[in-house]
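Chemist: The structure is given below, and queries will be raised subsequently.
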Amino acid sequence: MHTPKPRRLGELAAHVGGELLGDAGLVITGLNGLVEAVPGELSFYGNPRYRRQYDATRASAVLVGREAEPREHVSLVRVANPHLAFAQISQLLHPRPTYEAGVRPGAHVHPEASVHPDATVMTGATVDKGARVGARAVLFPGAYVGEAAVVGEDSVLYPNVTVREHCLVGARVILHASCVVGADGFGFAFNPEGAQGPEHYKIPQAGIVRIEDDVEVGACTTIDRATLGETVIGRGTKIDNLVQIAHNVKVGPLSLLCAQAGVSGSSELGTGVVLAGQVGVVGHIRVGDMAKVGAQSGVAQDVEDGQVVSGTPAMPHREWLRTSAALGQLTELLKEVRTLRRRVEMLEKKEKGG
């Protein structure tokens, strides 16, 4: 990452529509966390649990909420959402790199492929027959765009990304290193009488993957093509590293799928769904709009719109918290039950003897 050009704090405050409490002429040389920041740097504070770090920060300026009180020796920029403002300033200070347009020597572009003159195809990248690459798209070394696949304008395919045949990638999509779009879905039918004995008979995966605009897909994530029809990743969805999306899954717009989550075939995630790390979703169910699933949960049935669930099997989050608290008491509860059983047995013996 390049060293950002120094900016005046007043300029940065104006960029995010913030209210400046402090020195507008203060020169900001970079961004950093509350603990790591040094004089000359800008940080942000938006969560009360970091109050101690906020009070001790050495940052020259901090992005804070609208209600924050002025501080001595620290300039403040009051905004509605400090985290968002930090992201916006970070984009300003660290703009996306630009690359010289054109097909570089050593790239492999099929004569029947279409690459926009403003696109960049680096050495070692491949664009197969009938594929299309849009304006200002960037293909890093090792990227592969399969036959009749489409990569939209301003999209970036980092090293060793694979977009298989006929799959569609929208505009402004970021595919991180070694992710695979359009591998075969895991589809087999058991044949007890195969030529060589019982076998798992492969079902052709004849569908595609369609990734809509403004999606980001993490490194080594896999999105399988549909058996028939489409596997769909909705507009603005962000997918972390090492996520598995199976065939015919539909992921709604603006969803967040965190690391090592897995979604089984033909399931549907609504708009704005959040799957925390290592969540597993079984096949053929629906997770409703704006639903949230806690880390390491196993979702085995439909989740209603707006519901928050956790645990395995997933249950309403409050119920899971109560269940988790009870688990720690099971040993003592078992002892009490055994003791009570012995007492009951003794009382029953006394009654019979009496």
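Here's how to read the names in the structure tokens: chain A, B, ... by the order shown, residue numbers from 1 in each chain, ligand numbers from 1 in the order shown.
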Can you pull out the residues contacting Asp240 in chain A? Cut-off 10 Å, using only C-alpha atoms, and skip same-chain residues under 6 positions away; I want them as a VMD selection string.
Modeler: chain A and resid 176 216 to 221 256 to 261 276 to 277
Chemist: Which residues, written as a list in words, have at least one atom at most 7 Å from range 144-148 of chain A, with only C-alpha atoms counted and residues fewer than 5 positions away on the same chain left out?
Modeler: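 With the cut-off at 7 Å, the set is Ala125, Thr126, Val127, Asp128, Lys129, Gly130, Ala131, Val161, Thr162, Val163, Arg164, Glu165 and His166 of chain A.
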Chemist: Please dump the current selection as an mmCIF file, in the first residue's frame; keep N, CA and C atoms.
Modeler:
```cif
data_model
loop_
_atom_site.group_PDB
_atom_site.id
_atom_site.type_symbol
_atom_site.label_atom_id
_atom_site.label_comp_id
_atom_site.auth_asym_id
_atom_site.auth_seq_id
_atom_site.Cartn_x
_atom_site.Cartn_y
_atom_site.Cartn_z
ATOM 1 N N ALA A 125 -2.393 -14.011 -17.796
ATOM 2 C CA ALA A 125 -3.849 -14.115 -17.708
ATOM 3 C C ALA A 125 -4.381 -14.710 -19.014
ATOM 4 N N THR A 126 -5.577 -15.328 -18.936
ATOM 5 C CA THR A 126 -6.168 -15.984 -20.102
ATOM 6 C C THR A 126 -7.617 -15.555 -20.277
ATOM 7 N N VAL A 127 -7.965 -15.197 -21.512
ATOM 8 C CA VAL A 127 -9.356 -14.885 -21.858
ATOM 9 C C VAL A 127 -9.719 -15.822 -23.000
ATOM 10 N N ASP A 128 -10.676 -16.720 -22.745
ATOM 11 C CA ASP A 128 -10.960 -17.793 -23.694
ATOM 12 C C ASP A 128 -11.958 -17.363 -24.768
ATOM 13 N N LYS A 129 -12.225 -18.258 -25.662
ATOM 14 C CA LYS A 129 -13.069 -18.027 -26.835
ATOM 15 C C LYS A 129 -14.443 -17.477 -26.445
ATOM 16 N N GLY A 130 -14.823 -16.384 -27.066
ATOM 17 C CA GLY A 130 -16.147 -15.810 -26.867
ATOM 18 C C GLY A 130 -16.338 -15.062 -25.571
ATOM 19 N N ALA A 131 -15.321 -15.008 -24.723
ATOM 20 C CA ALA A 131 -15.432 -14.275 -23.457
ATOM 21 C C ALA A 131 -15.382 -12.777 -23.705
ATOM 22 N N VAL A 161 -7.454 -16.221 -10.100
ATOM 23 C CA VAL A 161 -8.920 -16.318 -10.067
ATOM 24 C C VAL A 161 -9.383 -17.097 -11.295
ATOM 25 N N THR A 162 -10.395 -17.934 -11.096
ATOM 26 C CA THR A 162 -10.994 -18.675 -12.202
ATOM 27 C C THR A 162 -12.465 -18.301 -12.336
ATOM 28 N N VAL A 163 -12.843 -17.842 -13.521
ATOM 29 C CA VAL A 163 -14.252 -17.645 -13.859
ATOM 30 C C VAL A 163 -14.556 -18.637 -14.987
ATOM 31 N N ARG A 164 -15.282 -19.667 -14.663
ATOM 32 C CA ARG A 164 -15.485 -20.748 -15.620
ATOM 33 C C ARG A 164 -16.452 -20.347 -16.737
ATOM 34 N N GLU A 165 -16.561 -21.211 -17.724
ATOM 35 C CA GLU A 165 -17.321 -20.962 -18.950
ATOM 36 C C GLU A 165 -18.758 -20.515 -18.677
ATOM 37 N N HIS A 166 -19.168 -19.495 -19.437
ATOM 38 C CA HIS A 166 -20.532 -18.975 -19.481
ATOM 39 C C HIS A 166 -20.960 -18.227 -18.209
#
```
Chemist: Could you produce a table of the residues of range 83-169 of chain A lying within 9 Å of range 31-48 of chain A, with the nearest pair of atoms per residue and their separation in Å rounded to one decimal, using only C-alpha atoms, ordered by chain and increasing residue number, as a tab-separated table?
Modeler:
```
residue	atom	partner	partner_atom	distance
A:His83	CA	A:Gly46	CA	6.6
A:Ala85	CA	A:Phe44	CA	8.5
A:Phe86	CA	A:Phe44	CA	6.5
A:Ile89	CA	A:Leu31	CA	8.7
A:Ser90	CA	A:Leu31	CA	7.3
A:Leu93	CA	A:Leu31	CA	8.8
```
Chemist: Restricting the calculation to only C-alpha atoms: of A:His317, A:Arg78, A:Arg49, A:Arg132, which residue gets closest to Ala295 in chain A?
Modeler: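 Between A:His317, A:Arg78, A:Arg49, A:Arg132, the residue approaching Ala295 in chain A most closely is A:His317.
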Chemist: Report as a list in words all protein, DNA and RNA residues lying within 8 Å of Val27 in chain A, evaluated on only C-alpha atoms, omitting residues in the same chain fewer than 5 positions from it.
Modeler: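 In the requested format, the answer is Pro6, Arg7, Arg8, Leu9 and Gly40 of chain A.
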Chemist: Could you write out, as number ranges by chain, all the residues of range 3-222 of chain A that DSSP marks as alpha helix (DSSP H)?
Modeler: A: 9-15, 51-56, 82-93
Chemist: With DSSP run on the backbone, what are the strand (DSSP E) residues within range 244-287 of chain A? I'd like them as a compact mmCIF listing (two decimals) with N, CA, C and O atoms, in the first residue's frame.
Modeler:
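The resulting file, states.txt, is shown below:
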```
# COMPACT_ATOMS: atom_id res chain seq x y z
N GLN A 244 -17.91 -21.41 1.04
CA GLN A 244 -18.39 -22.33 0.03
C GLN A 244 -19.86 -22.05 -0.27
O GLN A 244 -20.72 -22.10 0.62
N ILE A 245 -20.15 -21.71 -1.52
CA ILE A 245 -21.53 -21.51 -1.99
C ILE A 245 -21.84 -22.62 -2.98
O ILE A 245 -21.20 -22.73 -4.03
N LYS A 250 -29.16 -19.01 -3.97
CA LYS A 250 -29.48 -17.62 -4.28
C LYS A 250 -29.13 -16.79 -3.05
O LYS A 250 -29.73 -16.97 -1.98
N VAL A 251 -28.17 -15.89 -3.20
CA VAL A 251 -27.79 -14.98 -2.12
C VAL A 251 -28.31 -13.60 -2.47
O VAL A 251 -27.99 -13.05 -3.53
N LEU A 256 -23.79 -10.39 3.94
CA LEU A 256 -22.41 -10.53 4.41
C LEU A 256 -22.20 -11.99 4.84
O LEU A 256 -22.88 -12.49 5.72
N LEU A 257 -21.21 -12.66 4.21
CA LEU A 257 -20.92 -14.05 4.53
C LEU A 257 -19.48 -14.11 5.01
O LEU A 257 -18.54 -13.84 4.23
N GLY A 262 -20.63 -21.93 4.98
CA GLY A 262 -20.96 -22.81 3.87
C GLY A 262 -22.47 -22.84 3.67
O GLY A 262 -23.23 -22.96 4.64
N VAL A 263 -22.91 -22.71 2.42
CA VAL A 263 -24.34 -22.71 2.12
C VAL A 263 -24.60 -23.87 1.16
O VAL A 263 -24.04 -23.90 0.05
N GLU A 268 -31.67 -20.42 -0.10
CA GLU A 268 -31.84 -19.01 -0.47
C GLU A 268 -31.57 -18.14 0.75
O GLU A 268 -32.12 -18.37 1.83
N LEU A 269 -30.72 -17.14 0.56
CA LEU A 269 -30.49 -16.12 1.57
C LEU A 269 -31.14 -14.83 1.08
O LEU A 269 -30.91 -14.41 -0.05
N VAL A 274 -26.76 -11.86 7.31
CA VAL A 274 -25.40 -11.96 7.84
C VAL A 274 -25.17 -13.37 8.34
O VAL A 274 -25.89 -13.86 9.22
N LEU A 275 -24.16 -14.05 7.78
CA LEU A 275 -23.70 -15.33 8.28
C LEU A 275 -22.33 -15.11 8.90
O LEU A 275 -21.38 -14.76 8.21
N GLY A 280 -22.98 -23.02 9.03
CA GLY A 280 -23.38 -23.99 8.02
C GLY A 280 -24.87 -23.93 7.78
O GLY A 280 -25.66 -23.94 8.73
N VAL A 281 -25.26 -23.82 6.52
CA VAL A 281 -26.68 -23.76 6.15
C VAL A 281 -26.99 -25.00 5.32
O VAL A 281 -26.34 -25.25 4.30
N ARG A 286 -34.70 -21.44 3.46
CA ARG A 286 -34.60 -19.99 3.23
C ARG A 286 -34.22 -19.30 4.53
O ARG A 286 -34.84 -19.54 5.58
N VAL A 287 -33.22 -18.43 4.45
CA VAL A 287 -32.86 -17.53 5.54
C VAL A 287 -33.39 -16.16 5.15
O VAL A 287 -33.00 -15.60 4.13
```
Chemist: Need the shell around Gly311 in chain A: protein/DNA/RNA residues with any atom at most 12 Å away, counting only C-alpha atoms. Skip same-chain ones fewer than 2 positions apart. Format as a list of chain:residue names?
Modeler: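 Non-adjacent residues within range: A:Ala276, A:Gln278, A:Val279, A:Gly280, A:Val281, A:Lys292, A:Val293, A:Gly294, A:Ala295, A:Gln296, A:Ser297, A:Gly298, A:Val299, A:Ala300, A:Val308, A:Val309, A:Pro313, A:Ala314, A:Met315, A:Pro316, A:His317, A:Arg318, A:Glu319, A:Trp320, A:Leu321, A:Arg322, A:Thr323, A:Ser324.
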Chemist: So which residues touch range 198-203 of chain A within 9 Å, counting only C-alpha atoms, skipping near sequence neighbours fewer than 2 positions away, as a PyMOL selection string?
Modeler: chain A and resi 185-196+205-206+227
Chemist: Go ahead and write the selection's residues with all heavy atoms as a compact mmCIF listing (two decimals), in the first residue's frame.
Modeler:
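Dumped to again.txt:
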```
# COMPACT_ATOMS: atom_id res chain seq x y z
N GLY A 185 -21.02 -27.99 -9.45
CA GLY A 185 -21.71 -28.28 -8.22
C GLY A 185 -21.53 -29.74 -7.84
O GLY A 185 -21.21 -30.59 -8.67
N PHE A 186 -21.73 -30.05 -6.56
CA PHE A 186 -21.51 -31.39 -6.04
C PHE A 186 -22.79 -32.21 -6.25
O PHE A 186 -23.63 -32.35 -5.35
CB PHE A 186 -21.14 -31.31 -4.55
CG PHE A 186 -20.58 -32.57 -3.97
CD1 PHE A 186 -19.36 -33.04 -4.40
CD2 PHE A 186 -21.27 -33.27 -3.00
CE1 PHE A 186 -18.82 -34.21 -3.84
CE2 PHE A 186 -20.75 -34.42 -2.45
CZ PHE A 186 -19.52 -34.90 -2.87
N GLY A 187 -22.93 -32.73 -7.47
CA GLY A 187 -24.16 -33.43 -7.83
C GLY A 187 -23.90 -34.83 -8.36
O GLY A 187 -23.25 -35.00 -9.40
N PHE A 188 -24.41 -35.85 -7.65
CA PHE A 188 -24.22 -37.24 -8.05
C PHE A 188 -25.48 -38.03 -7.72
O PHE A 188 -26.17 -37.75 -6.74
CB PHE A 188 -23.03 -37.86 -7.31
CG PHE A 188 -21.73 -37.15 -7.55
CD1 PHE A 188 -21.33 -36.10 -6.74
CD2 PHE A 188 -20.91 -37.51 -8.60
CE1 PHE A 188 -20.15 -35.43 -6.95
CE2 PHE A 188 -19.71 -36.85 -8.84
CZ PHE A 188 -19.33 -35.81 -8.02
N ALA A 189 -25.77 -39.00 -8.56
CA ALA A 189 -26.87 -39.94 -8.30
C ALA A 189 -26.27 -41.32 -8.11
O ALA A 189 -25.40 -41.74 -8.88
CB ALA A 189 -27.84 -39.93 -9.48
N PHE A 190 -26.73 -42.04 -7.08
CA PHE A 190 -26.16 -43.36 -6.81
C PHE A 190 -26.72 -44.38 -7.79
O PHE A 190 -27.93 -44.51 -7.97
CB PHE A 190 -26.45 -43.79 -5.38
CG PHE A 190 -25.81 -45.11 -5.03
CD1 PHE A 190 -24.43 -45.22 -4.97
CD2 PHE A 190 -26.60 -46.23 -4.81
CE1 PHE A 190 -23.84 -46.43 -4.66
CE2 PHE A 190 -26.00 -47.45 -4.51
CZ PHE A 190 -24.62 -47.55 -4.42
N ASN A 191 -25.80 -45.08 -8.44
CA ASN A 191 -26.17 -46.13 -9.39
C ASN A 191 -25.65 -47.46 -8.85
O ASN A 191 -24.45 -47.72 -8.88
CB ASN A 191 -25.56 -45.84 -10.76
CG ASN A 191 -25.86 -46.93 -11.78
OD1 ASN A 191 -26.73 -47.77 -11.55
ND2 ASN A 191 -25.15 -46.91 -12.90
N PRO A 192 -26.55 -48.32 -8.36
CA PRO A 192 -26.08 -49.58 -7.77
C PRO A 192 -25.60 -50.58 -8.81
O PRO A 192 -24.99 -51.60 -8.45
CB PRO A 192 -27.31 -50.11 -7.03
CG PRO A 192 -28.46 -49.52 -7.77
CD PRO A 192 -28.00 -48.18 -8.25
N GLU A 193 -25.86 -50.31 -10.10
CA GLU A 193 -25.53 -51.28 -11.14
C GLU A 193 -24.65 -50.65 -12.22
O GLU A 193 -24.90 -50.79 -13.42
CB GLU A 193 -26.81 -51.84 -11.76
CG GLU A 193 -27.69 -52.58 -10.74
CD GLU A 193 -28.98 -53.08 -11.35
OE1 GLU A 193 -29.25 -52.72 -12.52
OE2 GLU A 193 -29.71 -53.80 -10.66
N GLY A 194 -23.61 -49.95 -11.82
CA GLY A 194 -22.69 -49.37 -12.78
C GLY A 194 -21.85 -50.43 -13.48
O GLY A 194 -21.78 -51.58 -13.05
N ALA A 195 -21.20 -50.02 -14.57
CA ALA A 195 -20.40 -50.96 -15.36
C ALA A 195 -19.29 -51.60 -14.54
O ALA A 195 -18.94 -52.76 -14.74
CB ALA A 195 -19.82 -50.23 -16.57
N GLN A 196 -18.74 -50.85 -13.60
CA GLN A 196 -17.67 -51.37 -12.76
C GLN A 196 -18.15 -51.67 -11.35
O GLN A 196 -17.36 -51.76 -10.41
CB GLN A 196 -16.52 -50.35 -12.70
CG GLN A 196 -15.99 -49.90 -14.05
CD GLN A 196 -15.43 -51.04 -14.86
OE1 GLN A 196 -14.79 -51.94 -14.31
NE2 GLN A 196 -15.68 -51.02 -16.17
N GLN A 205 -23.40 -30.49 -14.54
CA GLN A 205 -23.72 -29.18 -13.96
C GLN A 205 -23.79 -28.18 -15.11
O GLN A 205 -22.80 -27.56 -15.48
CB GLN A 205 -22.68 -28.81 -12.91
CG GLN A 205 -22.54 -29.83 -11.80
CD GLN A 205 -23.81 -29.99 -10.97
OE1 GLN A 205 -24.18 -29.09 -10.21
NE2 GLN A 205 -24.49 -31.13 -11.10
N ALA A 206 -24.98 -28.07 -15.67
CA ALA A 206 -25.17 -27.36 -16.94
C ALA A 206 -25.53 -25.89 -16.77
O ALA A 206 -25.68 -25.16 -17.76
CB ALA A 206 -26.27 -28.06 -17.76
N THR A 227 -26.81 -26.70 -11.21
CA THR A 227 -27.10 -27.92 -11.97
C THR A 227 -27.86 -27.55 -13.24
O THR A 227 -27.51 -27.96 -14.35
CB THR A 227 -27.92 -28.90 -11.13
OG1 THR A 227 -27.23 -29.15 -9.90
CG2 THR A 227 -28.15 -30.21 -11.86
```
Chemist: Between A:Val180, A:Ala87, A:Ala325, A:Val103, which one has atoms that come closest to Gly124 in chain A, using only C-alpha atoms?
Modeler: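 Selected residue with least distance to Gly124 in chain A: A:Val103.
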